[in-house]
Every structure is written in C-alpha cells, then in structure tokens.
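Okay, structure first, notes after.
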Amino acid sequence: MLEFLWLIPILPLAGAAVNGLLGRRFPKGLVTAVGVGAPLLSLLVALGCLWVYHGSFPNEAYNQVLYAWTAGDLSIPVAFLLDRLSAVMLFIVTFVGFLIHVYSAGYMAHEEGYSRYFAYLNLFMSAMLLLVLGNNYLVMFVGWEGVGLCSYLLIGFYYDQRFPPYAGKKAFIVNRIGDFAFLVGMFALFANFGTLNYADLFSRISEQPGLVTGPTVMGLPLASFVALCFFVGAMGKSAQIPLYVWLPDAMAGPTPVSALIHAATMVTAGVYMVVRSNVIYQLAPGVSQFVAVIGAATAIFAATIAIAQTDIKKVLAYSTVSQLGYMFLAAGLGAYSAALFHVMTHAFFKALLFLGSGSVIHAMGGEQDMTKMGGLKKHLPSTFWTYLIGTFAIAGIPPLAGFFSKDEILHAAAGNGQWVLWTVGLITAGLTAFYMFRSVFLTFFGTFRGTHEQEHHLHESPAVMTIPLWILAAGAVVAGFVEVPKVLGGIDRFHLWLEPVLFHPAGREAIEHEMGTGMEWALILIAVAVAVAGILLARRMYGGDSGLANGRTWAERFPTLHRVLVNKYYVDEIYDVLIVKPLAGLSRFFWKGVDTFIIDGTIHAGAYATELTGEFGRLSTTGNVRTYALYFFLGVILLGCWIAFG
Amino acid sequence: MEPFFGLLAGNTLTRLVFFPAIAAVPLLFLVKAPARAAKIYVLIASLVELAFGIFYLATHLGADGSFTLVHDAPLTWIASYGIKYDLAMDGISMPLVLLGIFLLPLVILGSWKGISDHWPLFGVSLLLLTTGVLGALLAYDLFVFYVFWEVMLVPMYLLIGIWGGERKIYAAVKFFLYTMAGSLLMLVAILWMAWTFQGLNGGVWSFAYDDLLRLNLPEHQQIWLFAAFALTFAIKVPMFPVHTWLPDAHVEAPTGGSVILAGILLKLGTYGFLRFALPLFPHASAVARPLLLTLAIVGILYGALVAWVQVDMKKLVAYSSIAHLGFVMLGLLAADIVAWQGSLLQMVNHGLSTGALFLLVGMLYDRRHTKKFDEFGGLAKVMPVFAFFLVFSSLASVGLPALNGFVGEFMILTGSFRTLGWPVAVATFGVVLAAIYLLKMIQLTILGPITKEENKKLSDLSFREVAALVPLCVLMLWIGVAPNAFLQPSRQALEDVLTQYKQRIEEPDVREASLRPVATTVAAVSAKATEAGR
C-alpha cells in the first residue's frame with residue numbers, strides 16, 4: 001500500500017489538469033465528478049497508507065524516492081516521507097480537504113467558472129500534500145510556493161471585480177517576503193551540510209549539536225540563523241505579526257476557500273515547518289523565545305481586532321490569525337506536540353465555522369455584514385447548531401476539542417514559568433470566547449435586520465453542504481480526546497505518537513516541568529472560567545432582540561478605541577506610508593533620475609561632444625589653399641623644433 | 001572554398017551556422033515577393049534549421065546525456081596571421097545554440113501579423129541574425145568570434161531601425177553605438193593577445209581559443225585586457241549602469257526582434273564572460289569580482305524596481321531582463337559549480353519565459369496597437385487563453401517552483417551563497433521584487449473589470465499564436481519538474497572550465513608573460529580525446 005504514497009499528491013494534480021484544460025467543455029456533473037473524485041481517491045489512498053503505516057511501521061519513517069534533481073554536488077531527491085508527523089498532517093489535509101470539496105459542489109453550484117474553481121482547488125490539494133509529504137526542505141518549498149500560488153488564484157477567483165485580484169496579489173507578495181527568508185535559510189543549511197534532507201540533517205544535528213551552534217552565518221550561530229529565516233517564512237504563510245496583513249483581505253475569495261486554505265490547512269504550514277525543524281529550534285533558544293513572543297503578541301493583537309469587526313468572515317479571519325498565534329506560542333515554548341494538536345483541533349472547528357459562515361452567506365444572497373443579519377437560528381437550524389458547536393470548541397469549553405488543545409498550550413506556558421505569556425494566552429482565550437459569541441448573537445439571535453427580499457429567500461443549505469458541517473462538528477467535539485491531560489485521567493496519546501519525530505539533541509535533555517495536581521486543576525479552572533466570562537459578557541452586550549444597538553452603545557463609550565480597532569490599528573495604512581510609497585518613489589527616481597537623467601544624459605552629452613568636435617574640426621578644412629599652406633608651414637616649424645630640441 | 005562546402009554538406013556545425021544565411025540568399029533577389037510566400041518560406045527554412053539542430057544533438061549526445069567537445073575540421077583562413085575558421089561545440093554552447101535555433105520558428109509565427117512591410121527583408125534579417133549568433137557561440141578562434149560578433153549587430157540594427165516603433169532610429173543608433181563602443185576595445189584586446197602570443201611562440205601567430213588560453217599574463221596586463229572584454233560583454237548582458245540601450249531597443253523593436261534580442265542576443269554577454277573573460281584572465285577577474293558582483297546585485301534590485309513603475313508593458317518586461325540577467329552574472333561570479341550550472345540553465349530559462357512574454361505583449365499589440373497598461377484591464381474575460389499563457393509565463397519568470405525559472409535561480413543562489421555569503425541574501429530579495437512587478441503586470445492587463453470599450457470584443461489567441469507559445473510552455477514545465485536532461489550535457493564542460501579557472505586564480509602572479517605547455521589546458525585535453533575518438 002505504501003508504494004502508492006506518491007499517488008496522494010498526484011491524483012488531485014491530475015484532477016486539476018483535467019478540469020483546468022477541458023473543464024470548460026465538460027457538463028457540470030463531470031466537472032464535479034472529477035473535482036470531488038480526485039480528492040476522494042486521494043483520501044482513500046491516504047487512509048490506506050495510514051492504516052498500513054500504523055500497523056507495520058510503528059516508529060520507522062517510510063521514504064519513497066521518485067527521482068533526483070542533480071547538478072554539481074547538489075542532489076535534491078523528489079521524494080515523499082511518511083512519518084508520524086506527516087501522517088497527522090496528511091490526515092488533516094485529505095480529510096478536511098475532501099469535506100470542503102464536497103461542500104463546494106453545493107456552494108459554488110451557481111457560480112460562473114465552476115470548473116476553474118475545482119481545478120484551482122485540486123491544484124491546491126496537490127501542492128499542500130507535496131508540502132507535508134516531502135522528505136526534504138526543497139520539496140516542502142515547492143509545495144509551500146504552490147499553495148501560495150493557489151491561494152493567489154483563489155483569492156482572486158472573482159477576477160472581474162476590483163478588490164479580489166488586489167487581495168490575491170497582496171497575499172502572494174507578502175508570502176514571498178516570507179519565502180525569501182525560507183530560501184536564505186535553505187542556502188545556509190545547504191552551504192553547511194550539502195543536503196536538505198530531513199533525515200540526514202536532523203540525525204547529524206541531534207548527534208553533534210556543535211555543527212549548528214558552532215559556525216556562524218551573518219553574525220548568528222547557524223541554528224539561530226536558520227531558525228530565524230524559517231520563522232520569517234512561517235510568519236508569511238501563517239500570518240504572524242508583521243506579515244499577517246494579507247490574511248484578512250484573503251477573505252475576498254469564495255468562502256470554502258477561506259475554510260480550506262485560510263483556516264484549516266495552508267496557514268498551518270508554518271507551524272508544521274517549525275515542528276518539523278524542532279531540532280534546529282531546540283538549539284536556538286533565543287529564536288524559540290522570539291517565536292513564542294511573536295505568537296502570543298499575534299494572538300492577542302488579532303483577537304482585539306476581531307471584537308470590532310462586523311463582517312462575519314473578517315471576524316473568523318482575525319480569529320484564525322489569533323489561533324495561529326497560539327500555535328506559535330506553543331512551538332516557541334518547545335511544546336511541539338501541543339502546537340500540532342492545536343493545528344488539528346483548529347482545522348476541525350475553524351473549517352466548521354467558516355463553512356457555517358458560508359452557509360449563512362449563501363442563504364443571505366452574498367451578504368457578509370452581521371449588522372444586516374440576526375435571528376437566523378430558526379431559518380438555518382443545521383447551520384446554527386453546528387456553528388454553535390464550533391464556537392464552543394474555539395472558546396475552549398470542555399469537553400470540546402479546543403479546550404484540550406488550548407489547555408495544553410497554556411499549560412506549557414505555565415510549566416515553563418513564562419507567566420507573562422500565560423497571561424496573554426489567557427486574556428486571548430477570554431477575548432476569543434467574547435468575539436465568537438458576539439458573532440453568534442449578532443447572526444443567529446435577535447431579529448432579522450436584512451431586506452424583505454433576503455428574508456423571503458432565507459433557506460437552509462442543501463444536504464451536500466450541511467453533511468460536511470455535521471461531520472466537522474463531530475470532529476470538533478471528539479478530536480480533543482486524543483490528548484487528554486494526565487490530570488484528567490488521560491495518557492497524552494498524541495504526544496506519545498509524535499515522540500519519535502521530536503528530537504532530543506545531545507546536551508539539551510528535555511526538562512520535565514512537574515506541577516502539583518492542585519496547581520494543574522487551578523489552571524484549568526481559571527481558563528474555563530475566563531472563557532465562560534467572555535461568553536457571558538458577549539451575551540450581556542449582544543444577546544436579546546436589541547443586541548446590535550446595545551453593542552453600539554457600548555462601543556460609543558470608547559470612541560477612539562473603537563475606531564482604532566475597526567480600522568485594524570491602521571497597519572495597512574502605516575505599511576503603505578512607510579514601505580510601499582517610499583519604495584515606489586525610489587523606483588521612479590531610479591527610472592527618471594538615474595536612468596534617464598544621469599546615464600542617458602551622460603551618453604547624450606558624449607554624443608553631443610563628439611558632434612561638437614566634428615563641427616569644430618570642420619572649421620579647419622576651409623578649402624582655401626592658403627590655409628593649407630599655413631598648416632604646412634606650421635608643421636615644418638614644429639618638425640624643426642622637434643629635431644633641434646627633442 | 002571546397003573544404004568549406006564539404007563541411008556545409010555534412011552534419012556539421014558549419015551547416016548549422018550557415019544554413020540560415022544561405023536560405024536568406026534567394027530572398028535577397030525576391031525582395032518584392034508576396035509577404036505570405038516569404039513567411040512560409042522563412043518558416044520552412046527555420047524548421048529545417050531546427051531539424052538540423054536536433055539531428056546534430058541526437059548524433060552527438062552521449063548515452064548518459066553528456067555532451068563532449070566537438071570540432072568541425074578547422075580550415076585555414078588567413079594563414080599569415082594563423083587565423084583559422086574553427087567551430088566547436090561543447091556543453092556550454094550547445095544549450096544556447098539550440099535555444100537560438102528553437103526560438104526562430106516561434107519568432108516567425110509571432111511576427112506573422114505584426115510585420116506588414118518588407119517581409120522578405122525581415123526574413124533575411126532574422127536569418128542572418130541567426131547565423132551571426134550561432135557563429136559567435138561556436139567560434140573557437142577569437143578572430144572568427146569577433147567577426148561573428150559584429151555580424152550580429154547589423155541585422156539587429158535593421159530589425160529595430162526598419163520595423164521599429166516611433167523612436168526607432170534613436171533606439172537603433174543607441175543600440176549600435178553602445179555595442180560598437182565595447183566591441184572595438186575587445187578587438188584591440190584580441191589583437192594584443194595574438195601579438196603577445198606570436199612573440200612567445202617564435203613568431204607564429206594564432207587566434208585559436210586553446211592557444212590564447214595558454215597565455216600566462218601578469219596581472220597588470222590582464223586587468224586591461226579583462227576590462228576591454230568585460231565592458232563589451234557587460235554592455236551586451238546588459239549590466240547596470242550600461243543597460244539603458246536595452247529598454248529603448250525593446251520598446252522600439254518589433255516583437256520578433258525583441259524575442260531574439262532577449263532570448264538569445266543578451267546571452268552572448270553572459271556567455272562571453274563564461275567562455276572568454278573569466279577563463280582568459282583569471283587574476284584580473286578575481287580582482288574585479290567585488291565590483292562586478294556589486295553591479296550584478298544592483299542590477300537585480302534596480303532592474304526589478306524600475307520594472308515595477310513602468311507604464312508600458314514591454315518596457316516592464318525589458319527591465320525585468322536586466323534583473324534576470326543580474327542573477328546569471330551573480331552565479332558566474334560565484335565560481336561555484338552549482339551556481340554555474342544554474343547560470344547556464346537560467347540563460348536558457350530566461351530565453352524561454354521572457355521570449356514568451358515578449359510574444360504575448362506582441363499579440364496584444366497586434367490587436368490594440370498599444371502597450372500601455374492603462375489601455376488594458378480585465379482582458380481575462382474576453383481572452384481567457386491569452387490570460388492563461390500570460391499567467392503561466394509570468395509565473396515561470398517569477399521563479400515559481402515546478403517551473404523553469406525557479407530551478408535556475410535556486411541553483412544560482414544556493415551555489416553563490418556558500419562562496420559569497422551575505423550579498424547573496426541581498427540578491428535573493430530580487431525574488432520578492434519579481435513577484436511585485438510581474439503580478440502588477442498581470443493585474444493591470446487581464447484582471448479587474450474591463451474599462452475600455454475597445455477591449456470588449458477583442459479576439460482570443462488564434463491557433464497560430466497558441467502554436468508559438470505551447471512549445472515554450474512545455475519546455476518551461478519540463479525544466480521545472482525534471483531539469484536533469486538539461487543540466488547533464490553541460491556538467492562536464494563547466495566542471496573542466498571551473499577547475500582550471502580556480503586553479504589559475506590560485507597560481508601566483510607572474511612578472512612577464514609566458515606560455516603554458518599545451519597539455520595544461522583541460523579543454524585542449526578533452527578536445528584531443530574527441531579528435532582521437534573520431
């Protein structure tokens with residue numbers, strides 16, 4: 001079975017090629033069959049591989065080399081790797097990915113460019129699977145940029161409007177800034193090790209940590225340099241401060257795309273990369289701390305913006321940025337399994353929330369503004385209940401998935417004695433519960449605030465959309481049980497599963513943080529209490545029939561704060577003034593000032609001087625014999641002088 | 001002349017070089033021929049040339065995909081100065097020669113509608129240009145090289161000057177003078193070297209590449225000679241700050257001229273560094289390396305930034321060439337095998353992707369007679385096929401993995417980073433800028449709403465136009481996914497040159513010029529091996 005591993009990314013690629021090249025001539029049913037069938041086959045092969053892998057290779061990684069790219073002493077195998085880490089990602093991507101494809105068949109049914117949509121979405125699956133299955137950094141990078149391309153194409157899916165293509169371009173460029181750092185990190189690794197294969201790199205590094213802590217690159221120890229470069233790459237892909245700005249705008253794409261790419265899978269690639277490179281991060285403690293701080297800062301920063309947004313997708317977008325911050329907080333603290341655990345639970349509940357919002361938007365005829373919704377509970381019962389489950393999960397209410405993964409992260413912060421980060425994480429948890437329930441109250445409770453026509457058309461989505469919602473809701477309920485903390489009677493199953501891919505570099509033995517059982521219970525209860533407080537506050541402000549008006553009154557008490565939050569701290573505007581405008585000005589100066597004025601000016605001056613010399617020289621050729629006789633005479637005198645004195 | 005015709009008749013380099021020129025002869029007598037007949041004739045000639053090229057490759061490519069040096073039997077041309085007509089192909093020139101041959105039919109397809117006047121003469125110019133380019137790439141005697149180098153100049157001058165746009169005369173003269181300024185200095189340097197050689201060789205002259213490679217010159221002499229060669233090649237590349245002829249030449253040149261100019265002519269500059277300037281003057285090139293490196297990196301960033309603010313689509317692509325060729329120069333200066341293989345591949349890559357972009361700009365120009373961005377927008381709605389090819393070629397140019405540009409760039413940067421360090425990190429930022437300007441181009445032409453009434457009924461690409469683009473895109477994808485077949489032929493040749501180059505840099509400076517013994521040149525050794533093998 002494992003020898004079919006390569007089929008997992010290839011099948012969706014084939015689907016993309018078929019629909020991309022021929023889809024426009026296909027009947028719709030065939031487009032759906034190919035577009036949904038390819039990820040289904042991919043999922044089945046993946047499940048088969050995972051089953052066999054789980055049974056026969058409990059610890060060993062399975063490698064499949066297809067061919068190699070060689071030049072000089074560079075040799076990059078195009079090869080796939082199934083180990084315990086990629087297994088988790090493989091499951092998330094194929095499972096959630098398939099469900100979202102199914103949902104898309106309903107959601108996009110009446111859109112123009114149906115076959116183009118599925119071609120892009122399949123291409124994304126292929127690139128994402130390449131990213132998680134590659135056995136070296138270069139294959140990961142191919143997938144990494146591939147998903148970036150698909151993100152660009154899908155954000156700009158409604159290409160004949162003004163904003164979506166702009167948002168797509170912004171996403172691609174901001175991601176490229178991260179990719180630039182990723183590339184430089186790879187160069188540094190290659191320069192020192194001559195390989196980019198995980199197995200070779202990590203085994204050598206963990207046996208001889210001196211190989212990466214000794215040599216320096218651009219003034220930093222190699223480990224820190226590479227870790228920093230890779231993290232900057234992750235900042236782009238996983239939307240961390242300061243490169244998060246593309247993700248909120250990415251909501252211009254179709255909603256299932258937001259669920260798949262901008263919530264469940266692609267944006268977690270940065271977390272995957274850090275976890276994959278854990279041996280390097282463990283040897284770069286300073287950078288790890290930086291990762292944790294950036295993660296925590298992003299978590300709380302985005303959460304504060306989310307509380308003031310009225311576009312339902314914007315709330316979820318900032319929520320995603322915030323949750324990704326949690327994951328980096330965990331990874332930076334060295335709690336790699338907690339980070340990946342949150343990737344998994346988040347994939348379920350955030351995909352669920354996005355698809356739920358899509359169902360709402362679908363029913364509302366494209367409306368995304370929550371101030372024009374309200375009272376949808378009775379019209380969209382399935383959507384409401386599943387959305388509510390997702391909201392409870394993200395708020396961290398036990399025993400839903402988000403509770404366990406968030407608890408694990410906060411526990412890691414407390415266990416490391418990082419109480420500042422713990423506090424930030426805790427406050428963020430409260431904010432998360434608050435803004436998510438705000439969205440629930442504004443959308444599903446109170447009275448309907450849209451137009452009559454919209455109210456008339458309100459309908460629950462078809463089964464093709466609600467069934468994926470229910471499956472994801474089930475996931476959001478049960479996914480947390482794979483990692484029940486010891487204090488609650490669990491055995492840390494997920495952590496044990498990942499143990500073989502987490503390195504313990506020589507000389508840096510893991511420190512076990514033992515906290516008393518009472519302390520652990522106290523931390524759990526505090527976290528739950530904060531979440532419940534957030535929910536109750538949201539209910540107080542936005543619950544009931546006049547929730548929106550109530551909320552507005554609250555906002556008016558803090559006008560400046562509210563304006564700053566609504567405008568997302570003006571970060572886009574600041575970037576525009578500080579970076580984009582000066583760079584454009586400089587470029588124009590290069591063009592008009594340097595190229596046209598200085599360089600061409602010099603050349604034209606040279607040409608003019610030549611012409612002038614010619615004009616001047618022409619004066620001597622008068623055509624007059626006496627002038628020439630004079631030249632002759634002067635020549636004779638000069639010659640005489642030379643002979644006499646020379 | 002008889003031995004020459006003998007060469008011409010066989011499966012030889014001579015046939016590859018001179019077939020286009022010979023095919024051009026009948027057209028010279030039929031300048032009034034109908035355009036359609038001329039087009040078909042030139043297209044057939046170019047396809048025959050392509051067949052010759054592929055056949056030549058097929059008969060000389062090793063079983064393991066390697067390519068060793070092959071000579072045409074040299075003919076004495078000017079005996080008293082030891083000038084020999086000597087063509088040879090190795091793994092370094094082979095990819096570029098095939099690129100040139102490959103682009104020709106596509107250029108003709110791309111110029112089908114765009115050129116309305118004097119088609120026969122247009123065909124003559126294209127064919128002669130091909131002969132000049134191939135000759136310069138294959139010349140193994142520096143005098144012959146110089147002759148071909150100048151031969152290239154005239155047809156290009158005509159292409160811009162006759163079939164160009166509004167400021168065609170300005171652009172053509174600028175192109176001509178810039179190039180001449182450099183190449184005259186190179187001629188002086190070549191003559192000086194041959195003269196030095198005969199002085200050390202008992203009065204026997206030679207311009208042969210292998211002979212001049214034996215010259216062991218003191219550094220202070222090398223510096224002047226290197227300066228002359230480097231200036232010539234730097235103008236051709238073009239490197240900052242001698243690049244300003246390029247945007248003008250491109251904007252004014254007809255589509256076909258632009259494709260050949262960007263696709264293959266510029267590569268003569270980088271090829272010149274790799275073949276001549278670096279190996280002939282190792283010490284001088286090591287001295288000049290910081291300067292050239294700085295200029296290459298400035299070129300990468302500067303070209304990209306200036307490309308970004310252009311309002312003319314063709315000028316944007318022209319400036320992007322400066323940035324891309326900057327990467328190639330960076331790789332060559334790194335003196336690292338991975339970087340060199342990357343540089344050579346990137347020369348081909350740039351020919352493919354930028355060639356495609358110029359063809360696409362031309363196709364748009366044929367329809368709308370403008371290249372200004374503010375005249376376009378939203379074209380994807382009416383021209384989806386055009387949009388596909390534009391996005392595909394742009395992404396290749398951006399360096400998206402799984403397309404050709406990434407493979408070359410990655411090898412250049414990886415290889416350079418280990419020899420040059422942090423400046424390469426600065427250069428790598430060029431990949432961000434590439435995304436910025438190329439996505440801007442995509443957005444302003446094909447995305448967003450259609451704002452101009454004229455654009456609402458534009459026709460999508462015709463079969464002929466698609467036929468011109470598909471071969472390019474197939475190669476872009478092939479190189480991007482499985483580049484080995486394109487890397488293997490050049491590997492040995494580049495390793496030989498690099499080994500010798502690095503060895504010679506290490507050697508101490510000499511006080512007086514001397515000649516190395518014949519056997520020390522690696523290229524000569526492998527040449528001997530080939531001779532023996534035949």
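Lettering and numbering for the structure tokens are positional, with chains as A, B, ... in the shown order, residues counted from 1 in each chain, and ligands counted from 1 in the shown order.
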
Dump as a tab-separated table the rows for residues of chain B within 6 Å of chain A: closest atom pair and distance in Å with one decimal, only C-alpha atoms counted, ordered by chain and rising residue number.
residue	atom	partner	partner_atom	distance
B:Leu305	CA	A:Ser587	CA	5.1
B:Val306	CA	A:Ser587	CA	5.2
B:Ile337	CA	A:Gly72	CA	5.5
B:Val338	CA	A:Gly72	CA	5.1
B:Pro401	CA	A:Val142	CA	5.1
B:Thr414	CA	A:Phe187	CA	5.0
B:Arg418	CA	A:Ala191	CA	4.8
B:Val432	CA	A:Arg176	CA	5.4
B:Leu447	CA	A:Tyr159	CA	5.4
B:Gly448	CA	A:Asp160	CA	4.3
B:Pro449	CA	A:Asp160	CA	4.6
B:Asn484	CA	A:Trp69	CA	5.9

Write the residues of the selection above to a file with C-alpha atoms, as a PDB file, in the first residue's frame.
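The resulting file, selection12.pdb, is shown below:
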ATOM      1  CA  LEU B 305      12.335  48.265  -9.022  1.00  0.00           C
ATOM      2  CA  VAL B 306      12.374  50.213 -12.250  1.00  0.00           C
ATOM      3  CA  ILE B 337      29.762  24.507  -9.943  1.00  0.00           C
ATOM      4  CA  VAL B 338      26.142  24.542  -8.772  1.00  0.00           C
ATOM      5  CA  PRO B 401       8.801  26.180  -8.178  1.00  0.00           C
ATOM      6  CA  THR B 414      22.429  28.150  -3.374  1.00  0.00           C
ATOM      7  CA  ARG B 418      28.288  29.209   0.019  1.00  0.00           C
ATOM      8  CA  VAL B 432      10.204  39.284  -3.882  1.00  0.00           C
ATOM      9  CA  LEU B 447      -7.714  41.210 -14.116  1.00  0.00           C
ATOM     10  CA  GLY B 448     -10.357  43.549 -12.770  1.00  0.00           C
ATOM     11  CA  PRO B 449     -13.317  44.897 -14.716  1.00  0.00           C
ATOM     12  CA  ASN B 484      18.361  16.797 -15.261  1.00  0.00           C
TER      13      ASN B 484
END

Please identify all polymer residues within 12 Å of Ser46 in chain B, counting only C-alpha atoms, omitting same-chain residues fewer than 3 positions from it, and present them as a PyMOL selection string. chain B and resi 16+19-24+39-43+49-53+100-109+123-124+126-128+130-131

Could you pull out the helix (DSSP H, G or I) residues of range 238-473 of chain B, going by DSSP on the backbone, and write them as a PyMOL selection string? chain B and resi 245-252+255-265+267-280+282-308+313-334+337-368+373-375+379-382+384-398+404-420+422-428+430-446+453-457+463-473

In Å to one decimal, how far is CA of Ile394 in chain A from CA of Arg539 in chain A?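 Computing the Euclidean distance for CA of Arg539 in chain A and CA of Ile394 in chain A yields 16.5 Å.
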
Exercise: range 420-425 of chain B partners within 12 Å, only C-alpha atoms, chain neighbours under 5 positions left out, as a PyMOL selection string: (chain A and resi 180-188+191-192+216-220+225+229) or (chain B and resi 289-290+293-298+300-301+326-327+329-336+339+409-410+412-415+430-432)

Dump as a compact mmCIF listing (two decimals), in the first residue's frame, selection limited to C-alpha atoms:
# COMPACT_ATOMS: atom_id res chain seq x y z
CA PHE A 180 12.63 34.86 0.58
CA ALA A 181 13.71 34.18 4.16
CA PHE A 182 12.86 30.49 3.79
CA LEU A 183 15.15 30.36 0.75
CA VAL A 184 18.02 32.03 2.58
CA GLY A 185 17.60 29.55 5.42
CA MET A 186 17.89 26.69 2.93
CA PHE A 187 21.01 28.23 1.40
CA ALA A 188 22.64 28.36 4.82
CA ALA A 191 26.23 25.58 2.48
CA ASN A 192 26.99 23.82 5.75
CA THR A 216 28.07 31.44 12.34
CA VAL A 217 26.20 32.94 9.39
CA MET A 218 25.96 36.70 9.12
CA GLY A 219 26.86 37.05 12.78
CA LEU A 220 24.40 34.49 14.16
CA PHE A 225 20.12 31.96 11.65
CA CYS A 229 14.90 32.54 8.50
CA ARG B 289 34.94 40.44 -8.72
CA PRO B 290 33.77 42.77 -5.91
CA LEU B 293 29.36 41.47 -8.02
CA THR B 294 28.08 44.78 -6.75
CA LEU B 295 26.91 45.74 -10.22
CA ALA B 296 25.18 42.39 -10.66
CA ILE B 297 23.30 42.71 -7.38
CA VAL B 298 22.46 46.35 -8.04
CA ILE B 300 18.92 42.61 -9.85
CA LEU B 301 17.30 45.06 -7.45
CA GLY B 326 21.80 40.02 -12.96
CA PHE B 327 21.11 36.64 -11.39
CA MET B 329 26.00 37.22 -13.64
CA LEU B 330 25.85 36.62 -9.90
CA GLY B 331 26.08 32.89 -10.50
CA LEU B 332 29.01 33.23 -12.89
CA LEU B 333 30.93 35.43 -10.46
CA ALA B 334 30.40 32.93 -7.66
CA ALA B 335 32.74 30.46 -9.36
CA ASP B 336 30.85 27.51 -7.94
CA ALA B 339 25.91 28.27 -9.43
CA GLU B 409 17.51 30.76 -9.61
CA PHE B 410 17.71 28.25 -6.81
CA ILE B 412 22.48 30.13 -8.71
CA LEU B 413 21.62 31.36 -5.24
CA THR B 414 22.43 28.15 -3.37
CA GLY B 415 25.76 27.84 -5.11
CA GLY B 430 15.03 40.08 -6.01
CA VAL B 431 12.61 37.16 -5.91
CA VAL B 432 10.20 39.28 -3.88

Write down as a list of chain:residue names the residues belonging to range 115-233 of chain B that are assigned strand (DSSP E or B) by DSSP computed on the backbone. B:Ala139, B:Asp141, B:Ala208, B:Leu215, B:Asn216

Compare B:Thr14, B:Asn404, B:Gln310, B:Ser321 by their minimum atom-to-atom distance to Tyr85 in chain B, counting only C-alpha atoms, and give me the closest one. B:Thr14

So that I can see what lies close to range 316-320 of chain B, please list as a PDB file with N, CA and C atoms, in the first residue's frame the residues with an atom at most 7 Å from it, counting only C-alpha atoms and leaving out residues fewer than 6 positions away in the same chain.
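Heads up, here's the output in around13.pdb:
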ATOM      1  N   LEU B 246      18.934  48.951 -23.630  1.00  0.00           N
ATOM      2  CA  LEU B 246      18.028  47.802 -23.742  1.00  0.00           C
ATOM      3  C   LEU B 246      16.545  48.185 -23.724  1.00  0.00           C
ATOM      4  N   PRO B 247      16.102  48.954 -22.730  1.00  0.00           N
ATOM      5  CA  PRO B 247      14.666  49.295 -22.731  1.00  0.00           C
ATOM      6  C   PRO B 247      14.248  49.994 -24.020  1.00  0.00           C
ATOM      7  N   HIS B 250      14.144  47.453 -26.870  1.00  0.00           N
ATOM      8  CA  HIS B 250      12.991  46.557 -26.786  1.00  0.00           C
ATOM      9  C   HIS B 250      11.688  47.250 -27.141  1.00  0.00           C
ATOM     10  N   GLY B 303      16.904  46.798 -11.576  1.00  0.00           N
ATOM     11  CA  GLY B 303      16.076  46.423 -12.729  1.00  0.00           C
ATOM     12  C   GLY B 303      14.654  46.090 -12.293  1.00  0.00           C
ATOM     13  N   ALA B 304      14.555  45.385 -11.163  1.00  0.00           N
ATOM     14  CA  ALA B 304      13.234  44.987 -10.689  1.00  0.00           C
ATOM     15  C   ALA B 304      12.421  46.196 -10.242  1.00  0.00           C
ATOM     16  N   VAL B 306      12.758  49.357 -11.131  1.00  0.00           N
ATOM     17  CA  VAL B 306      12.374  50.213 -12.250  1.00  0.00           C
ATOM     18  C   VAL B 306      11.291  49.533 -13.092  1.00  0.00           C
ATOM     19  N   ALA B 307      11.397  48.205 -13.207  1.00  0.00           N
ATOM     20  CA  ALA B 307      10.348  47.482 -13.942  1.00  0.00           C
ATOM     21  C   ALA B 307       8.983  47.726 -13.308  1.00  0.00           C
ATOM     22  N   TRP B 308       8.970  47.762 -11.999  1.00  0.00           N
ATOM     23  CA  TRP B 308       7.723  47.862 -11.252  1.00  0.00           C
ATOM     24  C   TRP B 308       6.947  49.139 -11.584  1.00  0.00           C
ATOM     25  N   GLN B 310       6.958  50.906 -14.376  1.00  0.00           N
ATOM     26  CA  GLN B 310       6.755  51.200 -15.783  1.00  0.00           C
ATOM     27  C   GLN B 310       5.260  51.298 -16.116  1.00  0.00           C
TER      28      GLN B 310
END
